[in-house]
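Reproduced below: run-v3.txt, with compact mmCIF, C-alpha atoms and all ligand atoms.
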# COMPACT_ATOMS: atom_id res chain seq x y z
CA MET A 1 5.77 -85.93 39.35
CA LYS A 2 9.47 -85.70 38.54
CA THR A 3 10.88 -82.16 38.65
CA ASN A 4 13.56 -82.27 35.96
CA VAL A 5 12.15 -84.07 32.96
CA LYS A 6 14.63 -84.57 30.13
CA ILE A 7 13.19 -85.55 26.76
CA LEU A 8 15.19 -86.72 23.74
CA ALA A 9 13.32 -85.43 20.69
CA ILE A 10 13.69 -86.50 17.05
CA GLU A 11 12.50 -84.59 13.96
CA SER A 12 12.66 -85.90 10.39
CA SER A 13 9.45 -84.70 8.73
CA CYS A 14 11.05 -82.98 5.73
CA ASP A 15 14.63 -82.10 4.86
CA GLU A 16 16.32 -81.63 8.26
CA THR A 17 17.50 -84.56 10.36
CA ALA A 18 17.37 -83.25 13.91
CA ALA A 19 17.67 -84.38 17.52
CA ALA A 20 17.60 -82.42 20.77
CA VAL A 21 17.51 -82.87 24.51
CA VAL A 22 15.09 -80.50 26.24
CA GLU A 23 14.49 -80.12 29.97
CA ASN A 24 11.00 -79.32 31.26
CA GLY A 25 9.91 -78.14 27.81
CA ARG A 26 11.83 -74.89 28.05
CA LYS A 27 15.55 -75.46 28.53
CA VAL A 28 17.47 -76.69 25.48
CA LEU A 29 20.43 -78.85 26.48
CA SER A 30 21.31 -79.63 22.87
CA ASN A 31 19.83 -78.95 19.45
CA ILE A 32 21.52 -80.71 16.52
CA ILE A 33 20.30 -80.10 12.97
CA SER A 34 21.75 -81.82 9.93
CA SER A 35 20.47 -79.94 6.90
CA GLN A 36 19.98 -81.57 3.50
CA ILE A 37 19.76 -78.25 1.65
CA ALA A 38 22.95 -78.82 -0.37
CA ILE A 39 21.72 -82.04 -1.98
CA HIS A 40 18.12 -80.91 -2.67
CA THR A 41 19.38 -77.65 -4.21
CA ILE A 42 20.78 -79.69 -7.10
CA TYR A 43 17.21 -80.81 -7.94
CA GLY A 44 15.50 -77.45 -7.26
CA GLY A 45 13.38 -78.77 -4.39
CA VAL A 46 13.02 -81.53 -1.81
CA VAL A 47 13.16 -85.00 -3.40
CA PRO A 48 11.27 -87.26 -0.94
CA GLU A 49 13.25 -90.43 -1.71
CA ILE A 50 16.55 -88.66 -1.19
CA ALA A 51 15.26 -87.04 2.02
CA SER A 52 14.40 -90.47 3.50
CA ARG A 53 17.74 -91.94 2.52
CA LYS A 54 19.67 -89.01 4.02
CA HIS A 55 17.66 -89.23 7.25
CA LEU A 56 18.56 -92.89 7.48
CA GLU A 57 22.25 -92.16 6.95
CA ASN A 58 22.38 -89.31 9.47
CA ILE A 59 19.93 -90.04 12.24
CA ASP A 60 22.16 -92.18 14.49
CA GLY A 61 25.00 -89.67 14.35
CA VAL A 62 22.68 -86.73 15.00
CA ILE A 63 21.19 -88.44 18.08
CA ARG A 64 24.63 -89.37 19.38
CA LEU A 65 25.75 -85.74 19.04
CA ALA A 66 22.59 -84.46 20.76
CA MET A 67 23.23 -86.80 23.71
CA GLN A 68 26.92 -85.83 23.85
CA GLU A 69 26.28 -82.11 23.71
CA ALA A 70 23.64 -82.37 26.44
CA ALA A 71 26.16 -84.37 28.52
CA CYS A 72 23.47 -87.01 29.02
CA GLU A 73 23.57 -90.77 29.37
CA TRP A 74 20.56 -92.88 28.51
CA LYS A 75 19.65 -93.24 32.19
CA ASP A 76 19.15 -89.43 32.34
CA ILE A 77 16.49 -89.46 29.61
CA ASP A 78 12.86 -89.70 30.76
CA ALA A 79 11.11 -90.10 27.40
CA ILE A 80 11.72 -90.35 23.65
CA ALA A 81 9.66 -87.96 21.51
CA VAL A 82 9.27 -87.94 17.75
CA THR A 83 7.39 -86.01 15.06
CA PHE A 84 4.81 -88.42 13.59
CA GLY A 85 3.14 -85.94 11.18
CA PRO A 86 2.47 -83.94 9.13
CA GLY A 87 5.28 -84.33 6.61
CA LEU A 88 6.72 -86.64 3.96
CA VAL A 89 5.74 -90.19 4.82
CA GLY A 90 9.09 -91.81 4.07
CA ALA A 91 10.95 -89.09 5.97
CA LEU A 92 8.64 -89.30 8.99
CA LEU A 93 8.95 -93.08 9.10
CA VAL A 94 12.71 -92.90 9.65
CA GLY A 95 12.26 -90.81 12.82
CA VAL A 96 9.28 -92.82 14.05
CA ALA A 97 11.06 -96.17 13.58
CA GLU A 98 14.18 -94.84 15.33
CA ALA A 99 12.18 -93.46 18.28
CA LYS A 100 10.22 -96.70 18.65
CA ALA A 101 13.43 -98.75 18.61
CA LEU A 102 15.01 -96.54 21.28
CA ALA A 103 11.90 -96.51 23.48
CA TYR A 104 11.60 -100.30 23.25
CA ALA A 105 15.28 -101.08 23.77
CA LEU A 106 15.70 -98.61 26.65
CA ASP A 107 12.24 -99.18 28.13
CA LYS A 108 11.35 -95.47 28.05
CA PRO A 109 7.97 -93.83 27.35
CA LEU A 110 7.35 -92.88 23.70
CA ILE A 111 5.67 -89.57 22.75
CA GLY A 112 4.28 -88.82 19.27
CA VAL A 113 4.34 -85.10 18.50
CA ASP A 114 2.42 -83.08 15.91
CA HIS A 115 5.04 -81.10 13.97
CA MET A 116 2.84 -77.98 13.97
CA GLU A 117 2.45 -78.15 17.77
CA GLY A 118 6.23 -78.16 17.77
CA HIS A 119 6.40 -74.96 15.72
CA ILE A 120 4.05 -73.24 18.19
CA ALA A 121 6.09 -74.54 21.14
CA ALA A 122 9.27 -72.95 19.73
CA ASN A 123 7.88 -69.79 21.34
CA TYR A 124 8.08 -71.40 24.80
CA ILE A 125 11.80 -71.96 24.31
CA SER A 126 12.67 -68.58 22.80
CA ASN A 127 10.62 -66.67 25.38
CA VAL A 128 10.79 -68.58 28.65
CA ASP A 129 7.94 -66.63 30.26
CA TRP A 130 5.58 -66.99 27.30
CA GLU A 131 2.32 -68.74 28.25
CA PRO A 132 -1.09 -69.39 26.70
CA PRO A 133 -3.59 -68.02 25.91
CA PHE A 134 -2.37 -66.21 22.80
CA LEU A 135 -3.14 -65.85 19.11
CA CYS A 136 -0.69 -67.73 16.89
CA LEU A 137 0.01 -67.32 13.20
CA VAL A 138 1.55 -70.61 12.05
CA VAL A 139 3.22 -70.27 8.66
CA SER A 140 5.35 -73.08 7.25
CA GLY A 141 6.09 -74.78 3.95
CA GLY A 142 2.98 -76.95 4.15
CA HIS A 143 0.61 -75.04 6.47
CA THR A 144 -0.86 -71.63 7.14
CA HIS A 145 -3.07 -71.40 10.22
CA LEU A 146 -4.37 -68.69 12.47
CA ALA A 147 -5.22 -70.25 15.83
CA VAL A 148 -6.07 -69.28 19.37
CA VAL A 149 -3.74 -71.27 21.61
CA GLU A 150 -6.05 -71.62 24.60
CA ASP A 151 -3.70 -73.75 26.65
CA TYR A 152 -0.53 -75.81 26.07
CA GLY A 153 -1.40 -78.09 23.15
CA VAL A 154 -5.01 -76.84 22.92
CA ASN A 155 -5.73 -74.86 19.77
CA ARG A 156 -8.87 -73.34 18.30
CA ILE A 157 -8.35 -72.85 14.57
CA LEU A 158 -9.81 -69.58 13.29
CA GLY A 159 -8.70 -69.97 9.70
CA GLN A 160 -6.29 -71.69 7.37
CA THR A 161 -5.15 -71.65 3.77
CA ARG A 162 -7.60 -72.85 1.15
CA ASP A 163 -4.82 -73.78 -1.27
CA ASP A 164 -1.06 -73.10 -1.11
CA ALA A 165 0.68 -72.49 2.20
CA ALA A 166 2.59 -69.23 2.64
CA GLY A 167 5.98 -70.98 2.50
CA GLU A 168 4.90 -72.97 -0.55
CA ALA A 169 4.07 -69.68 -2.32
CA PHE A 170 7.56 -68.37 -1.49
CA ASP A 171 9.10 -71.57 -2.88
CA LYS A 172 7.02 -71.57 -6.09
CA VAL A 173 7.59 -67.88 -6.83
CA ALA A 174 11.33 -68.27 -6.15
CA ARG A 175 11.44 -71.05 -8.74
CA ALA A 176 9.44 -68.98 -11.26
CA ILE A 177 11.84 -66.02 -11.03
CA GLY A 178 14.90 -68.24 -11.23
CA LEU A 179 16.03 -68.10 -7.60
CA GLY A 180 15.62 -71.81 -6.93
CA TYR A 181 15.55 -73.69 -3.64
CA PRO A 182 15.24 -72.91 -0.77
CA GLY A 183 12.77 -70.25 -1.87
CA GLY A 184 11.94 -68.29 1.28
CA PRO A 185 15.44 -67.15 2.24
CA LYS A 186 16.32 -66.43 -1.40
CA ILE A 187 13.22 -64.26 -1.95
CA GLN A 188 14.03 -62.41 1.27
CA LYS A 189 17.59 -61.73 0.14
CA ALA A 190 16.53 -60.57 -3.33
CA ALA A 191 13.76 -58.43 -1.82
CA GLU A 192 16.32 -56.45 0.18
CA GLN A 193 17.54 -54.94 -3.12
CA GLY A 194 14.07 -54.39 -4.59
CA ASN A 195 11.16 -51.97 -4.39
CA PRO A 196 8.11 -53.50 -2.63
CA GLU A 197 5.84 -51.01 -4.42
CA ALA A 198 7.21 -51.61 -7.91
CA ILE A 199 4.46 -54.07 -8.91
CA HIS A 200 1.02 -54.26 -7.37
CA PHE A 201 0.15 -57.87 -6.64
CA PRO A 202 -3.25 -58.76 -5.11
CA ARG A 203 -3.77 -59.15 -1.34
CA PRO A 204 -5.99 -62.27 -1.35
CA CYS A 205 -8.76 -62.60 1.27
CA LEU A 206 -7.91 -59.25 2.84
CA ASP A 207 -11.39 -57.84 2.32
CA GLU A 208 -13.16 -60.95 3.59
CA ASP A 209 -14.50 -61.25 7.13
CA GLY A 210 -13.15 -64.74 7.95
CA TYR A 211 -9.60 -65.83 8.71
CA ASP A 212 -8.89 -68.12 5.79
CA PHE A 213 -5.95 -67.47 3.52
CA SER A 214 -5.32 -68.18 -0.18
CA PHE A 215 -1.93 -67.85 -1.80
CA SER A 216 -2.34 -69.70 -5.07
CA GLY A 217 -4.01 -66.66 -6.72
CA LEU A 218 -1.09 -64.49 -5.67
CA LYS A 219 1.35 -67.00 -7.15
CA SER A 220 -0.68 -66.96 -10.42
CA ALA A 221 -0.58 -63.15 -10.43
CA VAL A 222 3.22 -63.31 -10.28
CA LEU A 223 3.30 -65.89 -13.11
CA ASN A 224 0.96 -63.72 -15.22
CA TYR A 225 3.14 -60.69 -14.63
CA LEU A 226 6.24 -62.63 -15.74
CA ASN A 227 4.44 -63.84 -18.90
CA GLN A 228 3.19 -60.35 -19.75
CA GLN A 229 6.64 -58.84 -19.36
CA GLU A 230 8.07 -61.53 -21.60
CA MET A 231 5.41 -60.99 -24.27
CA LYS A 232 5.96 -57.24 -24.16
CA LYS A 233 9.71 -57.95 -24.30
CA GLU A 234 10.14 -55.84 -21.23
CA PRO A 235 12.72 -56.66 -18.55
CA ILE A 236 11.90 -58.53 -15.35
CA ARG A 237 13.57 -57.06 -12.27
CA GLN A 238 13.96 -60.10 -10.05
CA ALA A 239 14.52 -57.99 -6.92
CA ASP A 240 11.36 -55.92 -7.52
CA VAL A 241 9.23 -59.02 -8.14
CA ALA A 242 10.61 -60.62 -4.95
CA ALA A 243 10.06 -57.47 -2.87
CA SER A 244 6.55 -56.83 -4.23
CA PHE A 245 5.50 -60.47 -3.75
CA GLN A 246 6.94 -60.64 -0.23
CA GLN A 247 5.15 -57.41 0.68
CA ALA A 248 1.81 -58.81 -0.51
CA VAL A 249 2.24 -61.96 1.64
CA VAL A 250 3.39 -59.97 4.67
CA ASP A 251 0.50 -57.50 4.34
CA VAL A 252 -2.10 -60.28 4.27
CA LEU A 253 -0.57 -62.26 7.16
CA THR A 254 -0.15 -59.20 9.36
CA ALA A 255 -3.54 -57.65 8.62
CA LYS A 256 -5.45 -60.90 9.21
CA THR A 257 -3.64 -61.51 12.49
CA MET A 258 -4.38 -57.98 13.74
CA GLN A 259 -8.02 -58.31 12.62
CA ALA A 260 -8.40 -61.54 14.62
CA ALA A 261 -6.67 -60.03 17.67
CA LYS A 262 -9.18 -57.22 17.61
CA GLN A 263 -12.24 -59.42 17.15
CA TYR A 264 -11.22 -61.93 19.83
CA GLN A 265 -9.72 -59.27 22.11
CA ILE A 266 -6.37 -61.02 22.40
CA ARG A 267 -3.35 -58.89 23.25
CA LYS A 268 -0.67 -61.60 22.99
CA ILE A 269 0.48 -62.62 19.51
CA ALA A 270 2.94 -65.33 18.46
CA VAL A 271 4.29 -66.30 15.06
CA ALA A 272 5.64 -69.77 14.25
CA GLY A 273 6.90 -71.95 11.37
CA GLY A 274 9.58 -71.50 8.73
CA VAL A 275 8.10 -68.29 7.26
CA SER A 276 8.37 -66.63 10.70
CA ALA A 277 12.11 -66.44 9.88
CA ASN A 278 11.23 -63.85 7.22
CA ALA A 279 12.70 -60.45 8.09
CA GLY A 280 9.86 -58.56 6.39
CA LEU A 281 7.22 -60.45 8.37
CA ARG A 282 9.12 -60.06 11.65
CA LYS A 283 9.40 -56.30 11.09
CA ALA A 284 5.75 -55.84 10.08
CA MET A 285 4.50 -57.90 13.04
CA THR A 286 6.75 -56.01 15.45
CA GLU A 287 5.49 -52.65 14.18
CA ALA A 288 1.83 -53.70 14.14
CA CYS A 289 2.04 -55.05 17.70
CA GLN A 290 3.96 -52.04 19.01
CA LYS A 291 1.35 -49.71 17.54
CA ARG A 292 -1.44 -51.52 19.39
CA GLY A 293 0.47 -52.25 22.60
CA PHE A 294 0.34 -56.04 22.03
CA GLU A 295 2.92 -58.47 23.37
CA LEU A 296 4.70 -60.33 20.56
CA SER A 297 6.67 -63.56 20.49
CA ILE A 298 8.62 -64.78 17.47
CA PRO A 299 11.13 -67.62 17.97
CA LYS A 300 14.80 -66.94 17.32
CA LEU A 301 15.79 -67.85 13.77
CA VAL A 302 17.18 -71.35 14.43
CA LEU A 303 13.90 -72.29 16.14
CA CYS A 304 11.65 -70.93 13.33
CA THR A 305 12.65 -73.52 10.74
CA ASP A 306 12.58 -77.26 11.43
CA ASN A 307 14.42 -78.44 14.55
CA ALA A 308 13.95 -81.04 17.27
CA ALA A 309 14.11 -78.70 20.29
CA MET A 310 10.60 -77.47 19.48
CA ILE A 311 9.44 -81.10 19.35
CA GLY A 312 10.95 -81.70 22.80
CA SER A 313 9.07 -78.68 24.11
CA ALA A 314 5.70 -79.77 22.72
CA ALA A 315 6.37 -83.31 24.00
CA TYR A 316 6.70 -82.04 27.57
CA THR A 317 3.01 -81.06 27.57
CA LEU A 318 2.05 -84.58 26.49
CA TYR A 319 4.42 -86.06 29.08
CA GLN A 320 2.73 -84.08 31.84
CA LYS A 321 -0.70 -85.19 30.63
CA GLY A 322 0.50 -88.82 30.47
CA GLN A 323 -0.32 -88.98 26.76
CA PHE A 324 2.14 -91.61 25.62
CA ALA A 325 2.17 -93.52 22.37
CA ASP A 326 2.73 -97.25 22.05
CA LEU A 327 4.73 -99.22 19.53
CA SER A 328 1.87 -99.03 17.03
CA LEU A 329 2.71 -95.33 16.50
CA ASN A 330 2.77 -94.69 12.75
CA ALA A 331 3.60 -91.75 10.50
CA VAL A 332 0.56 -89.61 9.63
CA PRO A 333 1.62 -87.49 6.64
CA ASN A 334 -1.55 -85.33 6.58
CA LEU A 335 -2.01 -84.91 10.32
CA THR A 336 -4.01 -81.74 11.01
CA LEU A 337 -3.17 -79.33 13.81
CA GLY A 338 -4.74 -80.35 17.08
CA ALA A 339 -5.39 -84.00 16.10
CA LYS A 340 -4.42 -86.43 18.84
CA ASN A 341 -2.33 -89.56 18.42
O1 LIG B 1 8.69 -74.89 9.07
P1 LIG B 1 9.56 -75.22 7.91
O2 LIG B 1 11.05 -75.20 8.13
O3 LIG B 1 9.16 -76.62 7.33
C1 LIG B 1 7.81 -77.01 7.24
O4 LIG B 1 7.26 -77.43 8.28
O5 LIG B 1 7.25 -76.84 6.14
O6 LIG B 1 9.16 -74.19 6.77
C2 LIG B 1 9.78 -74.23 5.54
C3 LIG B 1 9.21 -73.09 4.73
C4 LIG B 1 9.70 -73.11 3.30
O7 LIG B 1 8.60 -72.93 2.44
C5 LIG B 1 10.65 -71.93 3.25
O8 LIG B 1 10.71 -71.33 1.97
C6 LIG B 1 10.04 -71.00 4.28
O9 LIG B 1 9.61 -71.83 5.30
N1 LIG B 1 11.05 -70.07 4.79
C7 LIG B 1 10.99 -68.74 4.58
C8 LIG B 1 12.16 -68.19 5.15
N2 LIG B 1 12.90 -69.21 5.70
C9 LIG B 1 12.18 -70.36 5.47
N3 LIG B 1 10.07 -68.00 3.96
C10 LIG B 1 10.28 -66.67 3.89
N4 LIG B 1 11.40 -66.07 4.39
C11 LIG B 1 12.35 -66.78 5.02
N5 LIG B 1 13.43 -66.18 5.52
ZN ZN B 2 8.20 -77.23 9.93
Using structure tokens, write down the structure from this file.
Amino acid sequence: MKTNVKILAIESSCDETAAAVVENGRKVLSNIISSQIAIHTIYGGVVPEIASRKHLENIDGVIRLAMQEAACEWKDIDAIAVTFGPGLVGALLVGVAEAKALAYALDKPLIGVDHMEGHIAANYISNVDWEPPFLCLVVSGGHTHLAVVEDYGVNRILGQTRDDAAGEAFDKVARAIGLGYPGGPKIQKAAEQGNPEAIHFPRPCLDEDGYDFSFSGLKSAVLNYLNQQEMKKEPIRQADVAASFQQAVVDVLTAKTMQAAKQYQIRKIAVAGGVSANAGLRKAMTEACQKRGFELSIPKLVLCTDNAAMIGSAAYTLYQKGQFADLSLNAVPNLTLGAKN
């Protein structure tokens, strides 16, 4: 087996066009991200058609930059990896088609990567000594999972959201209180000026035994509160709503994770996905883990939200196992965590 495996990874599942070169799953040689936030902000959310078109415009340049910054030539690259799901189908297809073309033209192995495996793997880059087994809270715009990562790329799902994902709730509440897109960072910023105890929103599923989540009820509670205030002609303090909502989400995510750690006697906890960028969640997780003497891993901010370095890290596991894709690789928009290509 080769000792220094360099993988070119491509990510285009949503609104970031990204490419990276990663060595042995841990060392990032380059990590280029072209964000589409500016254009989607005009429309108040991600417009799938625009996302695909922007990926198409940017992908060649992003890959060229990733290769340049890594000081690599094509002969140095051992495999081409790409996110093939979950995500927006048209957006995924741009990355998948590009990766297939490169793999075919350069005669390199092709690796299809589950985007959520990528989010988990961001921990292997941020904390170079981090190894399975551990408990991982995966919280993104489309997914909320609590999983035991038993080995690299081997997950046992303990629970997941029954309706909205945590990030989706942030985005919808941000829109409802007039903060717009992208919701998570804007709620966080507003929350810094607000009182998290000003309004009591429900903590869904907290009293239940299992590890499922539900955030649509919490979103409805915020909408009801806004309606009631309007009917009573009473003011809405945006910062207080943001802080109180964020606190409710953070309380549920942290408590459920600690509950699972106790039941399954796991002392290593990781957090992954876009919502792991949230300062309130990072603080609450840090405090909860310190109190119990648990080890905690949360990726650095640039690796929490979508990027291709995390895809290159997850791809290394598949490379080692010899799990390569062929040119029939297709986008799978509703791929579920742990499914194999
Ligand atoms: O992982 P990600 O970049 O894309 C998906 O795979 O979905 O996650 C995006 C989600 C969005 O819902 C966004 O609002 C949320 O992550 N997010 C945050 C923060 N930064 C991004 N949520 C709360 N606080 C943040 N600072
Ligand atoms: Zn993501």
Residues within 8 Å of ligand LIG 1 (chain B), counting all atoms listed in the file: report them as a ChimeraX atom specification. /A:13-14,87,115-116,119,139-143,165-171,181-188,272-280,304-307
List the spatial neighbours of Phe294 (chain A) as a list in words - criterion: any atom at most 7 Å away, only C-alpha atoms, same-chain residues fewer than 3 positions off excluded.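 Within the cut-off, the hits are Arg267, Lys268, Cys289 and Gln290 of chain A.
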Can those selected residues be exported to a file as a compact mmCIF listing (two decimals), keeping the file's coordinate frame so that it contains C-alpha atoms?
# COMPACT_ATOMS: atom_id res chain seq x y z
CA ARG A 267 -3.35 -58.89 23.25
CA LYS A 268 -0.67 -61.60 22.99
CA CYS A 289 2.04 -55.05 17.70
CA GLN A 290 3.96 -52.04 19.01
From the set A:Glu69, A:Asp164, A:Asp78, A:Glu192, which residue has the shortest atom-to-atom contact distance to Pro204 (chain A), counting all atoms listed in the file?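 Going through A:Glu69, A:Asp164, A:Asp78, A:Glu192 one by one, the smallest distance to Pro204 (chain A) is for A:Asp164.
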Mind checking which residues fall within 9 Å of Ile63 (chain A), counting only C-alpha atoms, ignoring those fewer than 2 positions away in the same chain, and posting them as a PyMOL selection string? chain A and resi 8-10+18-20+32+58-61+65-68
CA of Arg237 (chain A) and CA of Ile199 (chain A) are how many Å apart?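 If I compute the distance from CA of Arg237 (chain A) to CA of Ile199 (chain A), I get 10.2 Å.
Residue nearest Thr83 (chain A), chosen from A:Val21, A:Ala176, A:Leu110, A:Ile50 and counting all atoms listed in the file: A:Leu110.
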